[in-house]
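Student: Sharing structure06.txt (compact mmCIF, C-alpha atoms) below.
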```txt
# COMPACT_ATOMS: atom_id res chain seq x y z
CA ILE A 1 -1.80 3.38 19.14
CA ASP A 2 -2.86 1.26 22.11
CA TYR A 3 -5.26 3.99 23.27
CA ILE A 4 -6.73 4.50 19.81
CA LEU A 5 -7.20 0.79 19.09
CA GLU A 6 -8.66 0.20 22.56
CA ASN A 7 -11.26 2.90 21.97
CA LEU A 8 -12.04 1.71 18.45
CA GLU A 9 -12.75 -1.76 19.86
CA LYS A 10 -15.39 -0.24 22.13
CA ILE A 11 -17.43 1.06 19.19
CA PRO A 12 -19.79 -1.79 18.22
CA SER A 13 -20.13 -0.69 14.58
CA VAL A 14 -16.35 -0.52 14.00
CA LYS A 15 -15.10 -3.93 12.92
CA ILE A 16 -12.21 -2.98 10.65
CA CYS A 17 -9.25 -0.68 11.24
CA ARG A 18 -7.01 0.24 8.34
CA ILE A 19 -3.66 1.73 9.27
CA GLY A 20 -2.07 3.74 6.48
CA THR A 21 1.66 4.36 6.80
CA ARG A 22 4.78 4.87 4.75
CA ASN A 23 6.90 3.86 7.77
CA LEU A 24 7.43 0.40 6.27
CA VAL A 25 9.31 2.16 3.46
CA THR A 26 10.96 5.10 5.21
CA LEU A 27 11.27 4.09 8.88
CA PRO A 28 10.87 0.32 9.16
CA MET A 29 12.68 0.36 12.51
CA ARG A 30 9.54 1.97 14.00
CA ILE A 31 7.69 -1.33 13.53
CA THR A 32 9.00 -2.79 16.77
CA ASP A 33 8.11 -6.00 18.55
CA GLU A 34 6.45 -3.86 21.24
CA LEU A 35 4.28 -2.07 18.66
CA CYS A 36 3.32 -5.38 17.06
CA LYS A 37 2.33 -6.83 20.46
CA ILE A 38 0.03 -3.85 21.00
CA ILE A 39 -1.51 -4.26 17.56
CA GLU A 40 -1.87 -8.02 18.00
CA SER A 41 -3.65 -7.55 21.34
CA HIS A 42 -6.37 -5.57 19.54
CA ASN A 43 -6.51 -7.69 16.36
CA ASN A 44 -9.29 -10.04 17.46
CA ASP A 45 -12.95 -11.01 16.96
CA ASN A 46 -14.04 -7.42 17.64
CA LEU A 47 -11.56 -5.63 15.39
CA SER A 48 -9.66 -6.72 12.25
CA ILE A 49 -6.54 -4.67 11.56
CA PHE A 50 -5.13 -4.07 8.09
CA CYS A 51 -2.14 -2.01 7.01
CA ASN A 52 -1.76 -0.21 3.70
CA THR A 53 1.68 1.05 2.88
CA HIS A 54 3.13 3.01 0.00
CA PHE A 55 6.07 1.50 -1.92
CA ASN A 56 6.57 3.21 -5.30
CA HIS A 57 9.77 1.59 -6.61
CA GLU A 58 11.42 -1.79 -6.19
CA ARG A 59 14.52 -0.14 -4.69
CA GLU A 60 12.39 0.80 -1.68
CA CYS A 61 11.88 -2.92 -0.94
CA THR A 62 14.73 -3.40 1.52
CA LYS A 63 15.69 -6.15 3.96
CA ASP A 64 14.64 -3.88 6.86
CA SER A 65 11.27 -3.24 5.22
CA LYS A 66 10.68 -6.96 4.75
CA GLU A 67 11.52 -7.65 8.40
CA ALA A 68 9.05 -4.97 9.52
CA ILE A 69 6.36 -6.40 7.26
CA LEU A 70 6.93 -9.90 8.62
CA ARG A 71 6.56 -8.58 12.19
CA LEU A 72 3.18 -7.10 11.27
CA ILE A 73 2.09 -10.30 9.55
CA LYS A 74 3.03 -12.32 12.65
CA ALA A 75 0.77 -9.93 14.60
CA GLY A 76 -2.07 -10.97 12.29
CA VAL A 77 -2.07 -7.84 10.14
CA SER A 78 -2.75 -8.12 6.42
CA VAL A 79 -0.46 -5.76 4.48
CA GLY A 80 -1.36 -4.15 1.16
CA ASN A 81 0.35 -1.56 -1.03
CA GLN A 82 -0.87 1.56 -2.77
CA CYS A 83 1.56 3.09 -5.22
CA VAL A 84 1.46 6.24 -7.32
CA ILE A 85 2.48 6.32 -10.97
CA LEU A 86 5.34 8.82 -11.08
CA LYS A 87 6.73 10.09 -14.38
CA GLY A 88 10.38 9.09 -14.75
CA VAL A 89 10.29 6.93 -11.59
CA ASN A 90 7.95 3.98 -12.16
CA ASP A 91 5.88 4.88 -15.22
CA SER A 92 6.52 1.73 -17.22
CA GLY A 93 5.07 -1.75 -17.19
CA GLU A 94 8.52 -3.20 -16.55
CA LYS A 95 9.15 -1.02 -13.48
CA MET A 96 5.70 -1.62 -11.99
CA LEU A 97 6.00 -5.34 -12.62
CA ALA A 98 9.40 -5.42 -10.87
CA LEU A 99 7.94 -3.51 -7.91
CA HIS A 100 4.93 -5.78 -7.56
CA LYS A 101 6.99 -8.96 -7.87
CA LYS A 102 9.23 -7.68 -5.07
CA LEU A 103 6.18 -6.81 -2.96
CA LEU A 104 4.71 -10.31 -3.35
CA GLU A 105 8.06 -11.77 -2.28
CA MET A 106 7.72 -9.61 0.85
CA ARG A 107 4.12 -10.90 1.34
CA VAL A 108 2.55 -7.57 0.44
CA ARG A 109 -0.53 -7.74 -1.73
CA ALA A 110 -1.22 -5.11 -4.40
CA TYR A 111 -4.12 -2.79 -3.58
CA TYR A 112 -4.15 0.48 -5.54
CA MET A 113 -2.09 2.10 -8.26
CA TYR A 114 -2.97 5.78 -8.22
CA ASP A 115 -3.03 8.39 -10.89
CA PRO A 116 -1.21 11.24 -9.07
CA GLU A 117 -3.35 13.90 -7.43
CA ILE A 118 -3.50 17.31 -9.03
CA ILE A 119 -1.39 19.32 -6.61
CA PRO A 120 1.11 22.03 -7.61
CA VAL A 121 4.25 20.33 -6.32
CA SER A 122 3.55 17.08 -8.17
CA ARG A 123 2.86 18.43 -11.67
CA GLY A 124 6.24 17.27 -12.99
CA PHE A 125 5.47 13.67 -11.94
CA ARG A 126 2.04 13.42 -13.60
CA THR A 127 1.43 10.97 -16.42
CA PRO A 128 -1.54 10.68 -18.80
CA LEU A 129 -4.34 8.36 -17.63
CA ALA A 130 -3.55 6.14 -20.60
CA LYS A 131 -0.20 5.30 -18.97
CA GLY A 132 -2.01 3.54 -16.11
CA TYR A 133 -4.05 1.46 -18.53
CA GLU A 134 -0.88 0.56 -20.40
CA ILE A 135 0.85 -0.56 -17.18
CA ILE A 136 -2.07 -2.74 -16.05
CA GLU A 137 -2.33 -4.37 -19.48
CA TYR A 138 1.42 -5.05 -19.47
CA MET A 139 1.29 -6.72 -16.04
CA ARG A 140 -1.57 -9.10 -16.88
CA GLY A 141 -0.33 -12.61 -17.52
CA LYS A 142 3.11 -11.81 -16.07
CA ILE A 143 2.25 -11.89 -12.36
CA SER A 144 -0.39 -13.46 -10.13
CA GLY A 145 -3.65 -11.57 -9.82
CA MET A 146 -2.77 -10.62 -6.22
CA GLY A 147 0.16 -8.69 -7.63
CA ILE A 148 -1.96 -6.53 -9.95
CA PRO A 149 -3.30 -3.40 -8.29
CA GLN A 150 -6.58 -1.68 -9.05
CA PHE A 151 -5.89 1.43 -11.11
CA VAL A 152 -7.70 4.34 -9.45
CA ASN A 153 -8.13 8.05 -9.83
CA ASP A 154 -8.70 10.03 -6.64
CA LEU A 155 -11.13 12.70 -7.78
CA PRO A 156 -10.34 16.29 -6.79
CA GLY A 157 -12.28 18.04 -4.06
CA GLY A 158 -13.03 14.89 -2.07
CA GLY A 159 -14.89 13.21 -4.91
CA GLY A 160 -13.55 9.81 -3.89
CA LYS A 161 -11.68 7.07 -5.68
CA VAL A 162 -12.85 5.79 -9.04
CA THR A 163 -11.57 2.45 -10.32
CA LEU A 164 -10.35 2.67 -13.91
CA SER A 165 -9.86 -0.35 -16.14
CA PRO A 166 -8.58 -0.83 -19.67
CA LYS A 167 -11.27 -0.95 -22.37
```
What's the structure tokens form of this structure?

Tutor:
Amino acid sequence: IDYILENLEKIPSVKICRIGTRNLVTLPMRITDELCKIIESHNNDNLSIFCNTHFNHERECTKDSKEAILRLIKAGVSVGNQCVILKGVNDSGEKMLALHKKLLEMRVRAYYMYDPEIIPVSRGFRTPLAKGYEIIEYMRGKISGMGIPQFVNDLPGGGGKVTLSPK
């Protein structure tokens, strides 16, 4: 990480580094003080470092995860969350609201809520696009705007992300 960030800093056109990791959920112990010191040493006027993580259910919001997030925040890293709507796991307004309230308590701002990608192993978790609209509508007025993610569809074949909104 030190080597990568050091070399990114040397590229004049690179001003922002976004680290994407699920370690805050699955392996929060990997976010050590040593790692955070390395990140902090590169988080400066030349390079702004952000972290996007991937919590999908409020039960993933553990004490260890919160401690890891706070270490990153103390290193100057802004932490956001991208979740995936998963049938039978978090496909209701109530479950998404509970997740995003927990995330705000942990100082994690909502970023994206994804419609699942079309891949063979995930077919059983897919929900209709209308479910995402329903969830976003349910959350409005029940949580601060920073707790409401953008609903996006990641188009197949590298088509990019498209923001979807109700109505």

Student: In terms of the shortest atom-to-atom distance over only C-alpha atoms, which of A:Ile148, A:Leu72, A:Val25, A:Leu99 is closest to Thr53 of chain A?

Tutor: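 Under the stated criterion, the closest residue is A:Val25.
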
Student: If we count all atoms listed in the file, what is near Ser65 of chain A at a cut-off of 12 Å, once residues fewer than 2 positions away on the same chain are taken out, given as a ChimeraX atom specification?

Tutor: /A:22-32,53-55,58-63,67-72,102-103,105-108

Student: Quick one: residues within 7 Å of segment 128-142 of chain A, all atoms listed in the file counted, chain neighbours fewer than 5 positions away excluded, as a ChimeraX atom specification?

Tutor: /A:92-93,97,115,148,151,165-166

Student: Tell me which protein, DNA and RNA residues are within 9 Å of segment 34-45 of chain A, counting all atoms listed in the file, leaving out same-chain ones fewer than 3 positions away, and put them as a PyMOL selection string.

Tutor: chain A and resi 1-2+5-6+9+15+30-31+48-49+71-72+74-77

Student: What is the distance between atom CA of Pro116 of chain A and atom CA of Cys51 of chain A, in Å to one decimal?

Tutor: 20.9 Å

Student: Counting all atoms listed in the file, what is within 12 Å of Ile118 of chain A, bar same-chain residues fewer than 5 positions away, as a list in words?

Tutor: Arg123, Gly124, Phe125, Arg126, Thr127, Pro128, Asn153, Asp154, Leu155, Pro156 and Gly157 of chain A

Student: Could you work out how far atom CA of Asn46 of chain A lies from atom CA of Ile16 of chain A, giving the answer in Å with one decimal?

Tutor: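 Result for atom CA of Ile16 of chain A versus atom CA of Asn46 of chain A: 8.5 Å, one decimal.
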
Student: Using all atoms listed in the file, which protein or nucleic acid residues come within 6 Å of Gly80 of chain A? Drop anything in the same chain fewer than 4 positions from it, and give the result as a list in words.

Tutor: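 These residues fall inside the cut-off: Asn52, Val108, Arg109, Ala110 and Tyr111 of chain A.
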
Student: To one decimal place, how far is atom CA of Phe50 of chain A from atom CA of Cys17 of chain A in Å?

Tutor: 6.2 Å

Student: Using all atoms listed in the file, pick whichever of A:Arg18, A:Ile85, A:Met146, A:Asn7 has the shortest atom-to-atom distance to Lys101 of chain A.

Tutor: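 With all atoms listed in the file as the atom set, the closest residue is A:Met146.
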
Student: Go through A:Val152, A:Leu104, A:Ile19, A:Ile143 and flag the residue nearest Val84 of chain A, using all atoms listed in the file for the distances.

Tutor: A:Val152

Student: For a quick check of understanding, using all atoms listed in the file, which of A:His57, A:Lys10, A:Lys66, A:Lys161 has the smallest distance to Ala98 of chain A?

Tutor: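 Nearest candidate to Ala98 of chain A out of A:His57, A:Lys10, A:Lys66, A:Lys161: A:His57.
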